[in-house]
>>> print(open('input28.csv').read())   # CSV, C-alpha atoms
chain,number,residue,atom,x,y,z
A,95,MET,CA,0.0,0.0,0.0
A,96,ARG,CA,1.3,3.5,-0.8
A,97,ILE,CA,-0.2,6.7,0.2
A,98,LEU,CA,1.4,9.9,-0.9
A,99,ILE,CA,0.3,13.0,0.7
A,100,LEU,CA,1.8,16.5,0.2
A,101,GLU,CA,0.3,18.5,2.9
A,102,TYR,CA,1.1,21.5,5.2
A,103,ALA,CA,-1.3,20.8,8.0
A,104,CYS,CA,-0.4,17.9,10.2
A,105,SER,CA,-4.1,17.6,11.4
A,106,VAL,CA,-5.1,16.4,7.9
A,107,THR,CA,-2.4,13.8,7.9
A,108,LEU,CA,-3.5,12.5,11.3
A,109,TYR,CA,-7.0,12.0,10.0
A,110,LEU,CA,-5.8,9.8,7.2
A,111,LEU,CA,-3.7,7.7,9.6
A,112,VAL,CA,-6.8,6.9,11.6
A,113,ASP,CA,-8.7,6.0,8.5
A,114,VAL,CA,-6.3,3.2,7.5
A,115,HIS,CA,-5.8,1.8,11.0
A,116,LYS,CA,-7.5,-1.5,10.1
A,117,PHE,CA,-4.8,-2.5,7.6
A,118,SER,CA,-1.9,-4.9,8.3
A,119,GLY,CA,0.9,-4.3,10.7
A,120,ARG,CA,3.4,-3.9,7.9
A,121,ALA,CA,1.2,-1.3,6.3
A,122,MET,CA,1.0,0.5,9.6
A,123,ARG,CA,4.8,0.7,9.9
A,124,GLN,CA,5.0,2.2,6.5
A,125,LEU,CA,2.4,4.8,7.4
A,126,PHE,CA,4.3,5.7,10.5
A,127,VAL,CA,7.5,6.2,8.6
A,128,PHE,CA,5.6,8.2,6.0
A,129,PHE,CA,4.0,10.4,8.6
A,130,ALA,CA,7.4,11.4,9.9
A,131,LEU,CA,8.4,12.4,6.4
A,132,ILE,CA,5.2,14.4,6.0
A,133,SER,CA,5.9,16.4,9.1
A,134,LEU,CA,9.4,17.3,8.0
A,135,SER,CA,8.1,18.3,4.6
A,136,ALA,CA,5.5,20.5,6.2
A,137,LEU,CA,8.0,22.4,8.3
A,138,SER,CA,10.4,23.1,5.4
A,139,MET,CA,7.7,24.2,3.1
A,140,SER,CA,6.3,26.7,5.7
A,141,ALA,CA,9.7,28.2,6.2
A,142,SER,CA,10.1,28.9,2.6
A,143,ALA,CA,6.9,30.8,2.5
A,144,ASP,CA,8.4,33.7,4.6
A,145,GLN,CA,9.3,36.9,2.9
A,146,SER,CA,12.2,39.0,4.2
A,147,ALA,CA,13.4,42.5,3.2
A,148,GLU,CA,16.0,44.9,4.5
A,149,VAL,CA,15.9,48.6,5.0
A,150,SER,CA,18.9,50.7,5.9
A,151,ILE,CA,18.3,53.7,8.1
A,152,GLU,CA,20.6,56.7,8.1
A,153,LEU,CA,20.4,60.0,10.1
A,154,SER,CA,23.1,62.6,9.9
A,155,MET,CA,23.8,65.3,12.5
A,156,GLN,CA,26.2,68.2,12.2
A,157,LYS,CA,26.3,71.0,14.7
A,158,LYS,CA,26.3,74.5,13.2
A,159,ILE,CA,29.4,76.5,13.9
A,160,GLY,CA,29.7,80.2,14.7
A,161,SER,CA,26.1,81.0,15.3
A,162,VAL,CA,25.9,82.9,18.5
A,163,SER,CA,24.5,86.3,19.0
A,164,ILE,CA,24.2,88.8,21.8
A,165,THR,CA,21.6,91.6,22.0
A,166,GLY,CA,20.5,94.1,24.6
A,167,LEU,CA,23.8,95.1,26.1
A,168,SER,CA,23.9,98.5,27.8
A,169,ASP,CA,26.4,100.5,29.9
A,170,ILE,CA,26.4,100.1,33.6
A,171,PHE,CA,26.4,103.1,35.9
A,172,ILE,CA,26.9,103.0,39.6
A,173,GLU,CA,26.3,105.9,41.9
A,174,TYR,CA,27.9,105.6,45.3
A,175,GLN,CA,27.0,108.1,48.0
A,176,GLU,CA,29.4,108.1,50.9
A,177,GLY,CA,27.6,107.5,54.2
A,178,GLY,CA,24.6,106.3,52.2
A,179,ALA,CA,22.3,103.4,53.1
A,180,ASN,CA,23.9,100.9,55.4
A,181,ASP,CA,22.5,97.5,54.3
A,182,PHE,CA,24.8,95.6,56.7
A,183,THR,CA,26.5,93.8,53.7
A,184,ASN,CA,30.2,93.8,52.9
A,185,TRP,CA,29.7,94.7,49.3
A,186,TYR,CA,28.0,97.2,47.1
A,187,SER,CA,26.3,95.9,44.0
A,188,SER,CA,25.2,97.5,40.8
A,189,ASP,CA,21.8,97.1,39.3
A,190,LEU,CA,21.5,94.0,37.0
A,191,MET,CA,22.3,94.7,33.3
A,192,GLU,CA,20.2,92.2,31.4
A,193,PHE,CA,20.9,91.0,27.9
A,194,CYS,CA,20.1,88.1,25.6
A,195,VAL,CA,22.4,85.4,24.2
A,196,ARG,CA,21.1,83.2,21.5
A,197,THR,CA,23.0,80.2,20.2
A,198,HIS,CA,22.5,76.8,18.6
A,199,GLY,CA,22.4,74.0,21.1
A,200,THR,CA,21.8,74.9,24.7
A,201,ARG,CA,25.2,76.0,25.9
A,202,PHE,CA,27.8,78.7,25.1
A,203,TYR,CA,31.1,79.9,26.5
A,204,MET,CA,31.3,83.4,27.8
A,205,THR,CA,34.5,85.3,28.8
A,206,VAL,CA,34.6,88.8,30.3
A,207,GLU,CA,37.7,91.0,30.3
A,208,GLY,CA,38.2,94.4,31.6
A,209,SER,CA,40.9,97.0,30.7
A,210,ASN,CA,42.8,97.0,34.0
A,211,ASP,CA,42.4,93.5,35.4
A,212,VAL,CA,44.4,92.4,38.4
A,213,GLY,CA,44.3,88.7,39.2
A,214,ARG,CA,40.7,87.7,39.9
A,215,ASP,CA,39.6,91.3,40.2
A,216,PHE,CA,38.5,93.9,37.6
A,217,THR,CA,39.6,97.5,38.2
A,218,MET,CA,37.9,100.9,37.7
A,219,ILE,CA,40.4,103.8,37.4
A,220,GLY,CA,39.7,107.3,38.7
A,221,VAL,CA,39.2,109.9,36.0
A,222,GLY,CA,41.0,113.3,36.2
A,223,GLN,CA,42.8,112.5,39.3
A,224,ALA,CA,46.5,113.4,39.6
A,225,GLU,CA,47.3,110.0,41.1
A,226,PRO,CA,44.3,107.9,40.0
A,227,HIS,CA,42.6,105.8,42.6
A,228,LYS,CA,41.5,102.3,41.8
A,229,ILE,CA,38.4,100.5,42.8
A,230,LEU,CA,38.4,96.7,42.6
A,231,TYR,CA,35.2,94.9,41.7
A,232,ARG,CA,34.0,91.5,40.6
A,233,VAL,CA,31.6,90.5,37.8
A,234,ARG,CA,28.8,88.0,38.4
A,235,ALA,CA,26.9,86.3,35.6
A,236,MET,CA,23.3,85.8,36.5
A,237,ARG,CA,20.5,83.8,35.0
A,238,VAL,CA,17.4,86.0,34.9
A,239,LEU,CA,14.8,84.1,32.9
A,240,ASP,CA,12.4,81.5,34.3
A,241,VAL,CA,13.7,82.0,37.8
A,242,PRO,CA,11.8,83.9,40.6
A,243,VAL,CA,14.9,86.0,41.4
A,244,PRO,CA,18.2,86.4,39.5
A,245,GLN,CA,20.3,83.3,40.1
A,246,LEU,CA,24.1,83.3,40.2
A,247,LEU,CA,25.7,81.3,37.4
A,248,TYR,CA,29.3,82.2,37.9
A,249,ASP,CA,31.6,84.7,39.5
A,250,MET,CA,33.5,85.5,36.3
A,251,PRO,CA,37.3,85.8,36.7
A,252,PRO,CA,38.8,88.1,34.1
A,253,GLY,CA,39.6,86.3,30.8
A,254,GLU,CA,38.3,82.9,32.0
A,255,ALA,CA,35.7,81.2,29.8
A,256,LYS,CA,32.7,79.8,31.5
A,257,SER,CA,30.2,77.3,30.0
A,258,ILE,CA,26.7,78.6,30.5
A,259,ALA,CA,23.5,76.6,29.8
A,260,VAL,CA,20.8,78.6,28.3
A,261,SER,CA,18.1,76.6,26.7
A,262,GLN,CA,16.6,78.1,23.5
A,263,ASP,CA,13.3,77.5,25.2
A,264,PHE,CA,14.1,80.5,27.4
A,265,VAL,CA,13.9,83.1,24.6
A,266,GLY,CA,11.8,83.8,21.6
A,267,SER,CA,13.3,83.3,18.2
A,268,GLU,CA,14.7,86.8,18.1
A,269,CYS,CA,15.3,87.3,21.8
A,270,ASP,CA,12.1,89.4,21.8
A,271,SER,CA,10.9,88.1,25.1
A,272,GLY,CA,13.6,89.8,27.1
A,273,GLY,CA,17.0,88.9,28.4
A,274,ASN,CA,18.2,85.5,29.6
A,275,ILE,CA,21.5,86.6,31.2
A,276,GLY,CA,22.5,89.4,33.4
A,277,LEU,CA,25.7,90.9,34.7
A,278,GLU,CA,26.1,92.4,38.1
A,279,LEU,CA,29.1,94.3,39.4
A,280,ARG,CA,30.0,93.8,43.0
A,281,MET,CA,32.5,96.0,45.0
A,282,ASN,CA,33.8,95.0,48.3
A,283,LYS,CA,33.4,97.8,50.8
A,284,TYR,CA,36.1,97.4,53.4
A,285,ASN,CA,38.8,94.9,53.0
A,286,SER,CA,41.5,96.8,51.1
A,287,ASP,CA,42.6,100.3,50.2
A,288,GLU,CA,41.2,99.7,46.8
A,289,HIS,CA,37.7,98.8,48.0
A,290,ILE,CA,35.0,101.4,47.6
A,291,THR,CA,34.5,102.6,51.2
A,292,ASN,CA,38.2,103.1,51.7
A,293,VAL,CA,38.7,104.8,48.4
A,294,ALA,CA,35.8,107.2,49.1
A,295,GLU,CA,37.5,108.2,52.4
A,296,ALA,CA,40.8,108.7,50.7
A,297,LEU,CA,39.3,111.0,48.0
A,298,SER,CA,40.0,114.7,48.5
A,299,GLY,CA,37.5,117.4,47.6
A,300,ALA,CA,33.8,117.3,46.9
A,301,GLY,CA,32.6,114.9,44.2
A,302,PRO,CA,31.4,113.6,42.0
A,303,HIS,CA,34.4,111.5,41.4
A,304,GLU,CA,34.2,109.3,38.3
A,305,PHE,CA,35.7,105.8,37.9
A,306,VAL,CA,35.6,103.9,34.7
A,307,ASP,CA,36.4,100.5,33.1
A,308,THR,CA,35.5,98.9,29.8
A,309,LEU,CA,34.2,95.3,29.9
A,310,THR,CA,34.5,93.1,26.8
A,311,LEU,CA,32.3,90.1,26.5
A,312,MET,CA,33.3,87.2,24.3
A,313,LEU,CA,30.9,84.4,23.4
A,314,SER,CA,31.5,81.3,21.5
A,315,PRO,CA,29.2,78.3,20.7
A,316,HIS,CA,29.5,75.2,22.9
A,317,PHE,CA,29.5,72.0,20.8
B,288,MET,CA,-7.9,25.0,0.6
B,289,ASN,CA,-7.4,23.3,-2.8
B,290,LYS,CA,-7.2,19.6,-2.7
B,291,THR,CA,-6.9,17.4,-5.8
B,292,ILE,CA,-7.3,13.7,-5.8
B,293,LEU,CA,-5.1,12.4,-8.6
B,294,SER,CA,-5.9,8.8,-8.5
B,295,GLY,CA,-8.6,6.7,-7.0
B,296,LEU,CA,-9.4,3.2,-6.0
B,297,SER,CA,-9.7,0.3,-8.5
B,298,ALA,CA,-9.5,-2.7,-6.1
B,299,ILE,CA,-13.1,-3.8,-6.6
B,300,ALA,CA,-12.7,-4.3,-10.4
B,301,LEU,CA,-9.5,-6.4,-9.9
B,302,LEU,CA,-11.2,-8.7,-7.3
B,303,ALA,CA,-14.1,-9.4,-9.6
B,304,THR,CA,-11.6,-10.7,-12.3
B,305,GLY,CA,-9.9,-13.0,-9.9
B,306,ALA,CA,-13.1,-14.7,-8.8
B,307,VAL,CA,-13.0,-17.2,-11.7
B,308,ASN,CA,-10.4,-19.4,-9.8
B,309,ALA,CA,-11.0,-21.1,-6.5
B,310,GLN,CA,-8.6,-19.0,-4.6
B,311,VAL,CA,-6.5,-16.2,-6.0
B,312,THR,CA,-4.6,-13.7,-4.0
B,313,GLU,CA,-3.7,-10.4,-5.7
B,314,SER,CA,-2.4,-7.2,-4.3
B,315,VAL,CA,-3.0,-3.8,-5.6
B,316,ASP,CA,-1.3,-0.5,-4.9
B,317,VAL,CA,-3.6,2.3,-3.9
B,318,GLY,CA,-2.4,5.8,-4.3
B,319,VAL,CA,-3.8,9.1,-3.1
B,320,THR,CA,-2.1,12.4,-3.7
B,321,ILE,CA,-3.4,15.4,-1.9
B,322,GLN,CA,-1.7,18.7,-2.8
B,323,LYS,CA,-2.5,21.8,-0.9
B,324,GLU,CA,-1.8,25.3,-2.4
B,325,ALA,CA,1.2,26.9,-0.7
B,326,PRO,CA,0.5,30.2,1.2
B,327,VAL,CA,2.1,33.2,-0.3
B,328,VAL,CA,3.3,36.5,1.2
B,329,THR,CA,4.9,39.2,-0.8
B,330,ILE,CA,6.7,42.4,0.2
B,331,SER,CA,7.0,44.9,-2.6
B,332,GLY,CA,7.6,48.6,-3.1
B,333,LEU,CA,9.8,49.0,0.0
B,334,ASP,CA,12.4,51.7,-0.3
B,335,SER,CA,15.8,50.1,0.6
B,336,ALA,CA,16.9,53.2,2.5
B,337,MET,CA,15.4,55.7,4.9
B,338,THR,CA,17.6,58.8,5.3
B,339,SER,CA,17.2,62.1,7.1
B,340,SER,CA,19.3,64.8,8.8
B,341,TYR,CA,18.8,66.6,12.1
B,342,ASP,CA,20.0,70.2,12.8
B,343,GLY,CA,19.2,70.6,16.4
B,344,ASP,CA,15.7,72.1,16.3
B,345,ARG,CA,13.6,70.6,19.1
B,346,PHE,CA,11.0,68.4,17.4
B,347,SER,CA,10.3,64.7,17.1
B,348,GLU,CA,11.4,63.5,13.7
B,349,VAL,CA,9.4,60.7,12.0
B,350,LEU,CA,10.6,58.8,8.9
B,351,ARG,CA,8.2,56.9,6.7
B,352,ASN,CA,8.4,54.2,4.1
B,353,ASN,CA,5.2,53.3,2.2
B,354,PHE,CA,5.2,49.8,0.7
B,355,CYS,CA,3.0,46.8,-0.1
B,356,ILE,CA,2.4,43.6,1.9
B,357,TYR,CA,0.3,40.8,0.2
B,358,SER,CA,-0.7,37.7,2.0
B,359,SER,CA,-2.8,34.8,0.7
B,360,THR,CA,-3.8,34.0,4.2
B,361,VAL,CA,-5.9,36.4,6.2
B,362,ASN,CA,-3.5,36.6,9.1
B,363,PHE,CA,0.3,37.0,8.8
B,364,SER,CA,3.0,37.8,11.3
B,365,PHE,CA,5.4,40.8,11.0
B,366,MET,CA,8.8,41.0,12.7
B,367,LEU,CA,11.7,43.5,12.6
B,368,GLU,CA,15.2,43.1,13.8
B,369,GLY,CA,18.0,45.7,13.7
B,370,THR,CA,21.7,45.4,13.8
B,371,ASN,CA,22.0,47.4,17.0
B,372,ASP,CA,19.1,46.0,19.0
B,373,GLN,CA,19.5,46.0,22.8
B,374,GLY,CA,16.9,44.5,25.1
B,375,GLY,CA,14.2,44.6,22.4
B,376,ASP,CA,14.9,48.3,21.7
B,377,PHE,CA,16.1,49.6,18.3
B,378,PHE,CA,19.1,52.0,18.0
B,379,LEU,CA,21.0,53.9,15.4
B,380,SER,CA,24.7,54.0,16.0
B,381,ALA,CA,27.6,56.3,15.0
B,382,PRO,CA,31.3,55.7,15.8
B,383,GLY,CA,32.1,57.2,19.2
B,384,GLU,CA,28.7,58.7,19.8
B,385,THR,CA,25.8,57.8,22.1
B,386,LEU,CA,23.3,55.4,20.7
B,387,LEU,CA,20.2,57.1,19.2
B,388,GLY,CA,17.0,55.2,20.1
B,389,TYR,CA,14.0,54.9,17.8
B,390,HIS,CA,10.6,53.2,17.7
B,391,PRO,CA,9.5,51.4,14.5
B,392,SER,CA,5.9,50.6,13.9
B,393,LEU,CA,3.7,49.3,11.0
B,394,SER,CA,0.5,51.1,10.1
B,395,GLN,CA,-2.2,50.6,7.6
B,396,ALA,CA,-2.0,53.3,4.8
B,397,SER,CA,-4.9,55.3,3.5
B,398,PRO,CA,-5.4,55.6,-0.3
B,399,THR,CA,-3.7,59.0,-0.1
B,400,GLY,CA,-0.6,57.5,1.5
B,401,ASN,CA,-1.2,58.7,5.1
B,402,ILE,CA,-1.4,56.6,8.2
B,403,GLU,CA,-4.9,55.2,8.6
B,404,ALA,CA,-4.5,53.0,11.7
B,405,SER,CA,-1.7,51.4,13.6
B,406,LEU,CA,-1.3,47.7,13.0
B,407,THR,CA,1.5,46.9,15.5
B,408,GLY,CA,2.1,49.8,17.9
B,409,GLU,CA,5.7,50.3,18.8
B,410,LEU,CA,7.5,47.1,17.8
B,411,THR,CA,9.8,45.1,20.0
B,412,ALA,CA,13.0,43.9,18.2
B,413,GLY,CA,12.8,40.2,17.3
B,414,GLU,CA,9.2,39.8,18.5
B,415,ALA,CA,6.6,38.8,15.8
B,416,VAL,CA,3.3,40.5,15.8
B,417,SER,CA,0.2,38.8,14.3
B,418,ILE,CA,-1.7,41.1,11.9
B,419,ASP,CA,-5.2,40.6,10.5
B,420,GLY,CA,-4.9,41.7,6.9
B,421,ASN,CA,-8.6,41.3,6.0
B,422,GLU,CA,-9.3,45.0,5.7
B,423,PHE,CA,-6.3,46.2,3.7
B,424,VAL,CA,-4.6,43.4,1.8
B,425,GLN,CA,-5.1,43.8,-1.9
B,426,ASP,CA,-3.5,42.0,-4.9
B,427,GLU,CA,0.2,40.9,-4.8
B,428,THR,CA,1.5,44.3,-6.0
B,429,CYS,CA,-1.0,46.6,-4.4
B,430,THR,CA,-2.3,47.9,-7.7
B,431,ASP,CA,-4.5,50.5,-6.1
B,432,TYR,CA,-2.1,51.9,-3.5
B,433,GLU,CA,0.7,50.8,-1.2
B,434,ASN,CA,-1.2,49.5,1.8
B,435,VAL,CA,1.2,49.8,4.7
B,436,ILE,CA,3.6,52.3,6.2
B,437,LEU,CA,6.8,51.6,8.2
B,438,ALA,CA,7.3,54.6,10.4
B,439,LEU,CA,10.2,55.4,12.7
B,440,SER,CA,9.9,57.9,15.5
B,441,PHE,CA,12.6,59.0,17.9
B,442,TYR,CA,12.5,59.0,21.6
B,443,ALA,CA,10.8,61.9,23.4
B,444,TYR,CA,13.0,64.6,24.9
B,445,GLY,CA,14.4,63.7,28.3
B,446,ASN,CA,15.7,60.2,27.5
B,447,PRO,CA,19.5,59.7,27.4
B,448,ASN,CA,19.2,58.3,23.9
B,449,ASP,CA,16.8,60.9,22.5
B,450,LEU,CA,17.5,63.0,19.4
B,451,ASN,CA,18.2,66.3,21.2
B,452,THR,CA,20.2,64.8,24.0
B,453,VAL,CA,22.4,62.9,21.5
B,454,TYR,CA,22.7,66.1,19.4
B,455,ASP,CA,23.8,68.1,22.5
B,456,SER,CA,26.4,65.5,23.4
B,457,ILE,CA,28.2,66.0,20.1
B,458,ASP,CA,31.3,68.1,20.8
B,459,ASP,CA,32.6,69.1,17.4
B,460,GLY,CA,31.4,70.5,14.1
B,461,LEU,CA,31.8,67.4,12.0
B,462,GLU,CA,29.1,65.4,10.4
B,463,HIS,CA,28.1,62.3,12.3
B,464,VAL,CA,26.1,59.6,10.5
B,465,PHE,CA,23.9,57.3,12.6
B,466,THR,CA,22.9,54.0,10.9
B,467,ASP,CA,21.0,50.8,11.4
B,468,THR,CA,19.8,48.0,9.1
B,469,LEU,CA,16.3,46.6,9.7
B,470,THR,CA,15.4,43.1,8.6
B,471,MET,CA,11.7,42.7,8.0
B,472,THR,CA,10.1,39.2,8.1
B,473,VAL,CA,6.6,38.5,7.0
B,474,THR,CA,5.2,35.0,7.6
B,475,PRO,CA,1.8,33.6,6.6
B,476,GLU,CA,-0.3,32.2,9.4
B,477,LEU,CA,-2.4,29.2,8.6
>>> encode(input="input28.csv", output="structure tokens")
Amino acid sequence: MRILILEYACSVTLYLLVDVHKFSGRAMRQLFVFFALISLSALSMSASADQSAEVSIELSMQKKIGSVSITGLSDIFIEYQEGGANDFTNWYSSDLMEFCVRTHGTRFYMTVEGSNDVGRDFTMIGVGQAEPHKILYRVRAMRVLDVPVPQLLYDMPPGEAKSIAVSQDFVGSECDSGGNIGLELRMNKYNSDEHITNVAEALSGAGPHEFVDTLTLMLSPHF
Amino acid sequence: MNKTILSGLSAIALLATGAVNAQVTESVDVGVTIQKEAPVVTISGLDSAMTSSYDGDRFSEVLRNNFCIYSSTVNFSFMLEGTNDQGGDFFLSAPGETLLGYHPSLSQASPTGNIEASLTGELTAGEAVSIDGNEFVQDETCTDYENVILALSFYAYGNPNDLNTVYDSIDDGLEHVFTDTLTMTVTPEL
């Protein structure tokens, strides 16, 4: 007896096996052998029915270079009145000068340099004085957007680049929603002859006495 | 199911001939051949490359590849595997850079080529998903329109492997190319 079945589903094959069960023992053995062959055949034919395909995916990134801008800078004036308000602090601070930095990415480097820097201090020089007095001061970079009160980012040593995170979410596309960074000048009152209280005492004659410095801000993109 | 019986039984006729003698023993071979039509699945119209570039603007990029799946069975399974898979997640890689994660998914396409309905959700690498093609499978080459869309979306902002975080981590001005190769397998389900 020979039964040839080409079939994928094993359940159909099992049905045929039951149907011929009454035949001789030899025939049964042949059927069992054949059933095994059918099963292997079904597996291999199912596998060949798969379809495969490949897709390559490519995404390129390149950071833009040299696109950093600064807007909204203004001069900083400080008026110090000797014997003025005593706020029980050891320093005298300027008002905050706000400006806007816009750059690609969310970081940039900022460096501040003055004209008469000494170590970690900036220096204002007296104008029209025979022997010009000097007033030492520090520059503080402050974050001013999305914070309840201005928040110190860095005490900026002269000529030292600091990395500052300023998300582009902070500002409008043209910095039209205000500044995101501020600079504050802070003068120590008492600790040296070149601190403001002591300089004020040393000055002769009625004021006003003018002291000046020029700050240069350098910004570069942070990759 | 298409079954064809190629040969039948003739034993009764042979036994009638042998009845002339007192005792005759004959044997006959009986053959039955049943051939079932093989299930067929076809992938066609798939673009072999999906490319894009990213310049740092904060948005979630999506890449799409419209193509055709045909299956002679109502149900079929769909599976994707990438060369950079980790823990069932898909990644694009570039030398020396953080892996860039993405989510592939398969959707049913509308006649105008847009996403009509998701078929798989976000796929897990190496895990087959069973799909009922009853509503969208057409002829073998999708004569009317390509019926499915492979879409790749990138992780939402805030993940270590998201588009913006990886972009921010690049520390030079060079071009970095992130790549992966997806292998798609479609299998008929009986």
>>> interface_residues(input="input28.csv", of="chain B", to="chain A", cutoff="6 Å", atoms="all atoms listed in the file", output="ChimeraX atom specification")
/B:316-323,335-341,458-474
>>> closest_residue(input="input28.csv", among="B:Ser456, B:Thr360, B:Asn434, B:Gln373", to="B:Ile330", atoms="all atoms listed in the file")
B:Asn434
>>> atom_distance(input="input28.csv", atom1="atom CA of A:Ile219", atom2="atom CA of A:Pro251")
18.3 Å
>>> closest_residue(input="input28.csv", among="B:Tyr389, B:Tyr432, B:Tyr357, B:Tyr454", to="B:Gly369", atoms="only C-alpha atoms")
B:Tyr389
>>> atom_distance(input="input28.csv", atom1="atom CA of B:Asn401", atom2="atom CA of B:Glu427")
20.4 Å
>>> atom_distance(input="input28.csv", atom1="atom CA of A:Ser257", atom2="atom CA of A:Leu277")
15.1 Å
>>> decode(input="input28.csv", residues="stretch 142-158 of chain A", atoms="N, CA and C atoms", output="PDB file, in the first residue's frame")
ATOM      1  N   SER A 142       9.825  28.241   3.836  1.00  0.00           N
ATOM      2  CA  SER A 142      10.122  28.858   2.563  1.00  0.00           C
ATOM      3  C   SER A 142       9.062  29.873   2.160  1.00  0.00           C
ATOM      4  N   ALA A 143       7.913  29.894   2.860  1.00  0.00           N
ATOM      5  CA  ALA A 143       6.854  30.834   2.512  1.00  0.00           C
ATOM      6  C   ALA A 143       7.097  32.210   3.119  1.00  0.00           C
ATOM      7  N   ASP A 144       8.074  32.362   4.039  1.00  0.00           N
ATOM      8  CA  ASP A 144       8.381  33.670   4.620  1.00  0.00           C
ATOM      9  C   ASP A 144       8.904  34.619   3.551  1.00  0.00           C
ATOM     10  N   GLN A 145       8.679  35.890   3.789  1.00  0.00           N
ATOM     11  CA  GLN A 145       9.270  36.911   2.936  1.00  0.00           C
ATOM     12  C   GLN A 145      10.093  37.842   3.812  1.00  0.00           C
ATOM     13  N   SER A 146      11.306  38.136   3.403  1.00  0.00           N
ATOM     14  CA  SER A 146      12.157  39.044   4.168  1.00  0.00           C
ATOM     15  C   SER A 146      12.618  40.191   3.283  1.00  0.00           C
ATOM     16  N   ALA A 147      12.878  41.314   3.905  1.00  0.00           N
ATOM     17  CA  ALA A 147      13.413  42.468   3.183  1.00  0.00           C
ATOM     18  C   ALA A 147      14.253  43.284   4.150  1.00  0.00           C
ATOM     19  N   GLU A 148      15.181  44.047   3.619  1.00  0.00           N
ATOM     20  CA  GLU A 148      16.049  44.869   4.456  1.00  0.00           C
ATOM     21  C   GLU A 148      15.881  46.344   4.128  1.00  0.00           C
ATOM     22  N   VAL A 149      15.962  47.159   5.167  1.00  0.00           N
ATOM     23  CA  VAL A 149      15.905  48.612   5.000  1.00  0.00           C
ATOM     24  C   VAL A 149      17.066  49.206   5.777  1.00  0.00           C
ATOM     25  N   SER A 150      17.864  50.014   5.121  1.00  0.00           N
ATOM     26  CA  SER A 150      18.926  50.715   5.852  1.00  0.00           C
ATOM     27  C   SER A 150      18.401  52.074   6.303  1.00  0.00           C
ATOM     28  N   ILE A 151      18.774  52.459   7.505  1.00  0.00           N
ATOM     29  CA  ILE A 151      18.324  53.730   8.078  1.00  0.00           C
ATOM     30  C   ILE A 151      19.543  54.584   8.352  1.00  0.00           C
ATOM     31  N   GLU A 152      19.453  55.847   7.989  1.00  0.00           N
ATOM     32  CA  GLU A 152      20.611  56.732   8.138  1.00  0.00           C
ATOM     33  C   GLU A 152      20.134  58.104   8.568  1.00  0.00           C
ATOM     34  N   LEU A 153      20.712  58.606   9.627  1.00  0.00           N
ATOM     35  CA  LEU A 153      20.393  59.957  10.104  1.00  0.00           C
ATOM     36  C   LEU A 153      21.706  60.691  10.347  1.00  0.00           C
ATOM     37  N   SER A 154      21.885  61.817   9.698  1.00  0.00           N
ATOM     38  CA  SER A 154      23.129  62.559   9.878  1.00  0.00           C
ATOM     39  C   SER A 154      22.897  63.775  10.765  1.00  0.00           C
ATOM     40  N   MET A 155      23.892  64.089  11.567  1.00  0.00           N
ATOM     41  CA  MET A 155      23.845  65.257  12.453  1.00  0.00           C
ATOM     42  C   MET A 155      25.136  66.039  12.288  1.00  0.00           C
ATOM     43  N   GLN A 156      25.012  67.322  12.217  1.00  0.00           N
ATOM     44  CA  GLN A 156      26.197  68.177  12.184  1.00  0.00           C
ATOM     45  C   GLN A 156      25.849  69.475  12.894  1.00  0.00           C
ATOM     46  N   LYS A 157      26.623  69.782  13.907  1.00  0.00           N
ATOM     47  CA  LYS A 157      26.325  71.006  14.654  1.00  0.00           C
ATOM     48  C   LYS A 157      26.757  72.232  13.862  1.00  0.00           C
ATOM     49  N   LYS A 158      25.943  73.247  13.932  1.00  0.00           N
ATOM     50  CA  LYS A 158      26.271  74.484  13.231  1.00  0.00           C
ATOM     51  C   LYS A 158      27.350  75.237  14.015  1.00  0.00           C
TER      52      LYS A 158
END
